[in-house]
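See structure below.
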Amino acid sequence: QVQLEESGGGLVQAGGSLRLSCAVSGSIFSSYTVYWYRQPLGKKREWVTFITKDGTTDYADSVKGRFTISRENAKNTIDLQMNNLKPEDTAVYYCNAPMLGSNYWGHGTQVTVSS
């Protein structure tokens with residue numbers, strides 16, 4: 001059974017940094033694209049970034065230049081480095097991996113950016 005677990009969230013002041021991590025267990029995920037989404041309180045979940053098996057990445061305009069996604073296949077982890085955080089980045093961040101015919105989600109990690 002595939003499981004995703006996010007970690008690294010917390011409270012940070014505007015302009016600060018956080019590094020999120022998504023640990024994938026139960027599958028060899030190196031062949032699959034992995035996504036990060038976020039959901040601000042009371043709003044819809046929105047796509048943030050993805051990384052393909054080959055390391056190709058893309059970012060939402062709102063985070064481009066501030067966030068960096070990376071993967072370490074040997075450890076089955078996907079990291080999201082978030083710099084120059086803004087209050088509007090406050091949300092629950094989710095890791096997502098469509099693989100093996102199913103769409104897997106983690107439980108999310110809260111990121112709160114104070115002004």
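Here, A, B, ... name the chains of the structure tokens in the order displayed, residue numbers run from 1 inside each chain, and ligands are numbered from 1 in the same displayed order.
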
Residues flagged helix (DSSP H, G or I) by DSSP in segment 7-89 of chain A, as a list in words
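These are the residues in question: Phe29, Ser30, Ser31, Asn73, Ala74, Lys75, Pro87, Glu88 and Asp89 of chain A.
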
Next, write the just-selected residues to a file, as an mmCIF file, in the first residue's frame, keeping N, CA and C atoms as the atom set.
data_model
loop_
_atom_site.group_PDB
_atom_site.id
_atom_site.type_symbol
_atom_site.label_atom_id
_atom_site.label_comp_id
_atom_site.auth_asym_id
_atom_site.auth_seq_id
_atom_site.Cartn_x
_atom_site.Cartn_y
_atom_site.Cartn_z
ATOM 1 N N PHE A 29 8.871 5.052 -6.198
ATOM 2 C CA PHE A 29 8.214 6.208 -6.784
ATOM 3 C C PHE A 29 9.090 6.923 -7.807
ATOM 4 N N SER A 30 10.284 6.408 -8.054
ATOM 5 C CA SER A 30 11.202 7.108 -8.932
ATOM 6 C C SER A 30 10.687 7.237 -10.357
ATOM 7 N N SER A 31 9.711 6.410 -10.736
ATOM 8 C CA SER A 31 9.185 6.451 -12.095
ATOM 9 C C SER A 31 7.973 7.359 -12.247
ATOM 10 N N ASN A 73 15.533 10.067 -4.958
ATOM 11 C CA ASN A 73 14.931 8.756 -5.212
ATOM 12 C C ASN A 73 15.466 7.679 -4.267
ATOM 13 N N ALA A 74 16.704 7.779 -3.887
ATOM 14 C CA ALA A 74 17.285 6.768 -3.005
ATOM 15 C C ALA A 74 16.591 6.748 -1.641
ATOM 16 N N LYS A 75 16.041 7.896 -1.252
ATOM 17 C CA LYS A 75 15.359 7.990 0.038
ATOM 18 C C LYS A 75 13.847 8.031 -0.105
ATOM 19 N N PRO A 87 2.516 36.002 3.781
ATOM 20 C CA PRO A 87 1.303 35.582 4.497
ATOM 21 C C PRO A 87 0.330 34.813 3.606
ATOM 22 N N GLU A 88 0.284 35.141 2.340
ATOM 23 C CA GLU A 88 -0.626 34.433 1.428
ATOM 24 C C GLU A 88 -0.179 33.009 1.117
ATOM 25 N N ASP A 89 0.995 32.610 1.561
ATOM 26 C CA ASP A 89 1.429 31.221 1.439
ATOM 27 C C ASP A 89 0.859 30.350 2.556
#

Give me the residues within 8 Å of segment 91-103 of chain A as a list in words, counting only C-alpha atoms and dropping any in the same chain fewer than 6 places off.
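Non-adjacent residues within range: Leu4, Glu5, Glu6, Cys22, Tyr32, Thr33, Val34, Tyr35, Trp36, Tyr37, Arg38, Gln39, Pro40, Leu41, Thr109, Gln110, Val111 and Thr112 of chain A.
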
Take the selection from the previous step and output its residues with C-alpha atoms, as a PDB file, in the first residue's frame.
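This is the output file selection.pdb:
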ATOM      1  CA  LEU A   4       2.642   9.638   1.639  1.00  0.00           C
ATOM      2  CA  GLU A   5       3.591  11.598   4.734  1.00  0.00           C
ATOM      3  CA  GLU A   6       4.374  15.301   4.783  1.00  0.00           C
ATOM      4  CA  CYS A  22       7.151  14.176   1.533  1.00  0.00           C
ATOM      5  CA  TYR A  32       6.351   8.807 -11.215  1.00  0.00           C
ATOM      6  CA  THR A  33       5.616  12.500 -11.164  1.00  0.00           C
ATOM      7  CA  VAL A  34       4.964  13.920  -7.704  1.00  0.00           C
ATOM      8  CA  TYR A  35       3.010  17.089  -6.967  1.00  0.00           C
ATOM      9  CA  TRP A  36       2.616  19.568  -4.144  1.00  0.00           C
ATOM     10  CA  TYR A  37      -0.745  21.260  -3.611  1.00  0.00           C
ATOM     11  CA  ARG A  38      -1.921  23.647  -0.930  1.00  0.00           C
ATOM     12  CA  GLN A  39      -5.265  24.634   0.515  1.00  0.00           C
ATOM     13  CA  PRO A  40      -5.757  27.903   2.365  1.00  0.00           C
ATOM     14  CA  LEU A  41      -8.472  27.867   4.991  1.00  0.00           C
ATOM     15  CA  THR A 109       1.214  19.806   6.894  1.00  0.00           C
ATOM     16  CA  GLN A 110       0.235  23.271   8.068  1.00  0.00           C
ATOM     17  CA  VAL A 111       2.317  26.264   7.026  1.00  0.00           C
ATOM     18  CA  THR A 112       1.512  29.571   8.693  1.00  0.00           C
TER      19      THR A 112
END

Using only C-alpha atoms, pick whichever of A:Lys86, A:Arg71, A:Lys53, A:His107 has the shortest atom-to-atom distance to Leu18 of chain A.
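Checking each candidate against Leu18 of chain A, we get A:Lys86 as the closest.
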
Give me the residues near Gln13 of chain A as a ChimeraX atom specification, where near means some atom within 7 Å (using only C-alpha atoms) and where sequence neighbours in that chain fewer than 6 positions away do not count.
/A:113-115

Keeping only N, CA and C atoms, write the selected residues as a compact mmCIF listing (two decimals), in the first residue's frame.
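The resulting out-v7.txt:
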# COMPACT_ATOMS: atom_id res chain seq x y z
N VAL A 113 2.31 31.69 7.86
CA VAL A 113 3.26 32.79 7.70
C VAL A 113 2.66 34.04 8.32
N SER A 114 3.31 34.56 9.33
CA SER A 114 2.79 35.76 10.00
C SER A 114 3.39 37.01 9.38
N SER A 115 2.60 38.07 9.40
CA SER A 115 3.07 39.33 8.80
C SER A 115 3.79 40.20 9.81

Write down as number ranges by chain the residues of chain A whose backbone DSSP state falls under strand (DSSP E or B).
A: 3-7, 10-13, 18-25, 34-39, 46-51, 57-59, 67-72, 77-82, 91-99, 102-105, 109-114
